[in-house]
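Encoded as structure tokens, the structure appears first; notes follow it.
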Amino acid sequence: MTILTYPFKNLPTASKWALRFSIRPLSCSSQLRAAPVETGFHHVGQAGLELLTSNDLPASASQSAVQTKTKKTLAKPNIRNVVVVDGVRTPFLLSGTSYKDLMPHDLARAALTGLLHRTSVPKEVVDYIIFGTVIQEVKTSNVAREAALGAGFSDKTPAHTVTMACISANQAMTTGVGLIASGQCDVIVAGGVELMSDVPIRHSRKMRKLMLDLNKAKSMGQRLSLISKFRFNFLAPELPAVSEFSTSETMGHSADRLAAAFAVSRLEQDEYALRSHSLAKKAQDEGLLSDVVPFKVPGKDTVTKDNGIRPSSLEQMAKLKPAFIKPYGTVTAANSSFLTDGASAMLIMAEEKALAMGYKPKAYLRDFMYVSQDPKDQLLLGPTYATPKVLEKAGLTMNDIDAFEFHEAFSGQILANFKAMDSDWFAENYMGRKTKVGLPPLEKFNNWGGSLSLGHPFGATGCRLVMAAANRLRKEGGQYGLVAACAAGGQGHAMIVEAYPK
Amino acid sequence: MVACRAIGILSRFSAFRILRSRGYICRNFTGSSALLTRTHINYGVKGDVAVVRINSPNSKVNTLSKELHSEFSEVMNEIWASDQIRSAVLISSKPGCFIAGADINMLAACKTLQEVTQLSQEAQRIVEKLEKSTKPIVAAINGSCLGGGLEVAISCQYRIATKDRKTVLGTPEVLLGALPGAGGTQRLPKMVGVPAALDMMLTGRSIRADRAKKMGLVDQLVEPLGPGLKPPEERTIEYLEEVAITFAKGLADKKISPKRDKGLVEKLTAYAMTIPFVRQQVYKKVEEKVRKQTKGLYPAPLKIIDVVKTGIEQGSDAGYLCESQKFGELVMTKESKALMGLYHGQVLCKKNKFGAPQKDVKHLAILGAGLMGAGIAQVSVDKGLKTILKDATLTALDRGQQQVFKGLNDKVKKKALTSFERDSIFSNLTGQLDYQGFEKADMVIEAVFEDLSLKHRVLKEVEAVIPDHCIFASNTSALPISEIAAVSKRPEKVIGMHYFSPVDKMQLLEIITTEKTSKDTSASAVAVGLKQGKVIIVVKEGVDPKKLDSLTTSFGFPVGAATLVDEVGVDVAKHVAEDLGKVFGERFGGGNPELLTQMVSKGFLGRKSGKGFYIYQEGVKRKDLNSDMDSILASLKLPPKSEVSSDEDIQFRLVTRFVNEAVMCLQEGILATPAEGDIGAVFGLGFPPCLGGPFRFVDLYGAQKIVDRLKKYEAAYGKQFTPCQLLADHANSPNKKFYQ
């Protein structure tokens, strides 16, 4: 609030702001900027206005009854506004189904072409492309570039790939936000992709070493002596790690322990999973999942919708055996997110650029926050840590949020986060807070399903969360959405999404 | 094959492994109001499951005392009598301890063999009732489950343990010269097979929960939990209880079978053990091995084999009877008393008698990356101390850093650490050639070459860069601390911290204070030592610097003098020998310094140069004698004196001289208590644990006999064998004892 109130208290110096605002667009002297400069100025005025109203609110709320429902905006005086023009995703499929013969860049390309189709953005306008992915296909380690080239983007548009476990797409988006806010770029495509149907299975280190040495061997004698070192156990393959590197614990196992630590029962977990599937089914049936674009899979039929949504019954779910801590654990296949193939992509722009190009953006991307904590015992508590921090940074409270979109890795994880957020003891002892974070109201929480039901392609989920929040705000008429996710490595992410005024 | 396995297991057995376990802590029982309400045990009923919680008052651990026994029987009888209750869970309310074993004081209080035997028989009866219980009992184990605690657990129908580092199972009785006296010798072989059971009972080793699961010692594991709505330890116990209750219900409903599927190897082993011939071979091999390793000095291992054999060959009844009798016999032996005394001493030396230091040491700097320096670094970084390792040359520093890394990596290979933990521990270490960062150091330990002028130089260099509160500790084994401190600007901050090589294996740390050393400095040094996991004795350096630890070079019992000299470096040993010769005169006469001088001149510097008394090669464990040494040794050989050179005499020459020196240290106030002297001698200098340490030995063997021996050797060899005054006093009045 201090920054916001500053110009208000010192009205005579308000001109300084105008000065600062005008400096930025002017300093970008490239021809491309010529057009936006004007709108830039236009926008300054708008931002200034918004600033005034926002500051007006707390000061006048008590005295005047003029304000009705309009809340303040989170625009920051010296930072460019970043908007989401639109975002799409391929249908998320259970791994091993229709996408099983594809490569990751094929899926990513589908998302990119879908985005081009949806937004009709001229390809040459895109300054930069960033994709997130987790399990990397070694042939296309910069999958962003391979997909972009294949999707027909300009070969003059650079692309890079980021990885941050389940928040890789979030990282792709926020990298884009940073590039735009700092004035480096105006138009960014951010997305993510994961293809769990195929993962790189390697030769063992010993075998690899032998093969590499063989490459270097010059004479037949050297080769033979190397070959003589071969042992059958060299052929044992090496699978990509499913467990946390630092703790050697699989995520499901950690989730089970986390649920136990917070005394989350099996029934609670099953009920939550059922809720997720039911809501997803409803959203799918009502056509609310508008970010999904159909994908004609080569050699197969066109895929039009997510195939992991399967509302079951509590009785059916109760029959399943625990998947990780056997025989008495509580995390089962039914209350965990499943291995998923899918890709997502989003068009992010500087607000003035979007307006200049005639777009009607869907949402602003506002404050975001990355957190990290103990990867063993607090692996999946990222949302609990990130939520209060990002709210405080934005000057909002839990009550201001109209749409919560949390990544659902496991029912147990979501419920453990709820219990942690609702606990004064936890807040005091582990978060250094005096009071609890507070519980997100369930009626505003993941109303269109979540990762448990829609699926969770590691690298692509972040964009889905943001688009779900943005679309929900538009549909339900709210102003602020909160996106939060946990990730391997004990990391977490949260971001405020603000609806673009209609 | 079974025999092979048994032997394989036993090859790890070592008679010198002593008292590493944390169990057996003497409990201060205040039993005034124990009659009306139960103080050790309470129980509640959840559904149809009784949850029996053990929580001995005023103690960190639960021990099986008489009070606990009687309360336990009472509670169990109520449970068996109740119609509501169909099963039970046995759990401890203390984090980190299920039951740590029998109450040592209860055993020590027994005057006769019959009393001890009776105790054993009572315990046998209680656990037998548990075993025969018609209502299934689940032992929920979190923390140490040792000795009697394990015997209780294995008589239950089912065992669930937390997979925590603190959860260890074992039968450490042998380390106290006794045997598992509550049916353990009979039940354990049936549960895990004879070879594994013998291994456990003969080595007293502690077994971690995951290993115990593989062996069939526990049926289920429960992962420890992280923070939730309660502190992790508290919630973990609660969770363990919840899981145990579901299993107890399952057992009562016969939905879960307490029988375990055995692996193929286990089945084969079990089958082989049904053949009498194979069994006899196993007993024979194990006995041979034990005889060889204990050299007949420890009676307990042989009796354990005996009791196990009796149980298998003649049936359980004979086995239980034999167990209780042998238990009584063993507890009454000198060896057992010596070992229990050592145990008490060890507990004493794990406390900081100087109280808490004003400032915690968080940043440590070590000068010299040699064997000692790097060893000290290793035991510091893995306790979370930020440690700087400094040396003068990159080669020396590299070697030192590699030593620390290897020490940690070996633990990874043994699965005691993960590679990630290794890396994060290793990141606490900074290797450097300059004094950068010393301004943050809370303590500097120097382990540079044993040369006074060099030590003076580094002391001055260091004092120029360290903050005011920083302590300067010297890891010297030969030079008087007061002389090193002579050039210090603040001698009150100078102290001796003498580690023993190899630092990560030897438990002892000897802290040497001078007249000027401040109390807070001592407190800090002890605190650091305790953090490093050391057993600490504090000795005072007198005006005449005679030091107990100087004996190391003359009496390297555990590794042998030749190996020790090789390990520390022949040049170092030569240096030490020369210094000691100068200072001690005749009291340290006897060896020939010429030997070491010649070795140094030939470049035989010990392990570091690849050659010493032995030849060292990377990756080769076997040590060959260095044949080039023969000529040197031959040229210096002294003619032996036949009248005092029998095998027994050679042993006694070593022991009595050692004892004499130790008593002299006490007499001159260098040692504060006999207990510290005993701990120092056993843990640092390899004095045989079965003798309990020099002071205990005098008490048990008789001062008069020792003085007689010493006089005989004095006649043959001279003054170094003259009995000291305090020893003579003890000889003259037989009622005088070091331990009353």
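Quick note on naming: the chains in the structure tokens go A, B, ... in the order shown, residues restart at 1 in each chain, and ligands are numbered from 1 in order of appearance.
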
>> Only residues of chain A matter here; which ones have an atom within 6 Å of chain B, counting only C-alpha atoms? Give them as a ChimeraX atom specification.
In response: /A:246,257,261-262,377

Grab the residues selected above and save them as a compact mmCIF listing (two decimals), in the first residue's frame with N, CA, C and O atoms.
# COMPACT_ATOMS: atom_id res chain seq x y z
N SER A 246 16.85 -36.09 -4.08
CA SER A 246 17.49 -35.81 -2.80
C SER A 246 17.09 -36.78 -1.71
O SER A 246 17.86 -37.03 -0.79
N ARG A 257 2.61 -39.96 3.40
CA ARG A 257 3.12 -39.55 4.72
C ARG A 257 2.57 -38.18 5.11
O ARG A 257 2.28 -37.91 6.28
N ALA A 261 0.56 -37.23 8.31
CA ALA A 261 1.02 -36.20 9.25
C ALA A 261 -0.11 -35.24 9.59
O ALA A 261 -0.19 -34.74 10.72
N PHE A 262 -0.97 -34.98 8.62
CA PHE A 262 -2.09 -34.06 8.87
C PHE A 262 -3.37 -34.81 9.19
O PHE A 262 -4.45 -34.22 9.20
N ASP A 377 9.80 -33.82 4.08
CA ASP A 377 8.57 -33.85 4.86
C ASP A 377 7.56 -32.80 4.42
O ASP A 377 6.42 -32.82 4.86

>> If DSSP is run on the backbone, what residues of segment 75-315 of chain A are strand (DSSP E)? A reply as a PyMOL selection string would be ideal.
In response: chain A and resi 82-89+93-94+128-132+159-162+187-195+295-296+302-303

>> When you look at Ala283 of chain A with a cut-off of 12 Å (counting only C-alpha atoms), what residues show up, excluding the ones that are within fewer than 5 positions of it in the same chain? I need them as a ChimeraX atom specification.
In response: /A:276-278,288-292,305-306,309,446-450,453-454,468,471-472,475

Based on the backbone DSSP call, show me all residues of segment 423-452 of chain A assigned alpha helix (DSSP H), as a compact mmCIF listing (two decimals) with N, CA and C atoms, in the first residue's frame.
# COMPACT_ATOMS: atom_id res chain seq x y z
N ASP A 424 -3.24 -22.74 13.10
CA ASP A 424 -2.40 -21.70 13.72
C ASP A 424 -1.06 -22.29 14.14
N TRP A 425 -1.12 -23.54 14.64
CA TRP A 425 0.11 -24.18 15.11
C TRP A 425 1.13 -24.30 13.99
N PHE A 426 0.66 -24.75 12.82
CA PHE A 426 1.57 -24.91 11.70
C PHE A 426 2.12 -23.55 11.26
N ALA A 427 1.24 -22.55 11.20
CA ALA A 427 1.65 -21.22 10.76
C ALA A 427 2.73 -20.67 11.69
N GLU A 428 2.52 -20.86 12.99
CA GLU A 428 3.47 -20.32 13.96
C GLU A 428 4.80 -21.05 13.91
N ASN A 429 4.73 -22.39 13.85
CA ASN A 429 5.96 -23.18 14.00
C ASN A 429 6.74 -23.38 12.72
N TYR A 430 6.06 -23.34 11.59
CA TYR A 430 6.80 -23.64 10.35
C TYR A 430 6.80 -22.51 9.35
N SER A 451 -6.40 -31.39 -11.45
CA SER A 451 -5.45 -32.35 -12.02
C SER A 451 -5.85 -33.79 -11.74
N LEU A 452 -6.55 -34.01 -10.63
CA LEU A 452 -6.96 -35.38 -10.30
C LEU A 452 -7.85 -35.97 -11.37

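You can rank A:His456, A:Lys319, A:Lys72, A:Arg208 by their closest distance to Leu93 of chain A using only C-alpha atoms, and at the top of that list sits A:His456.
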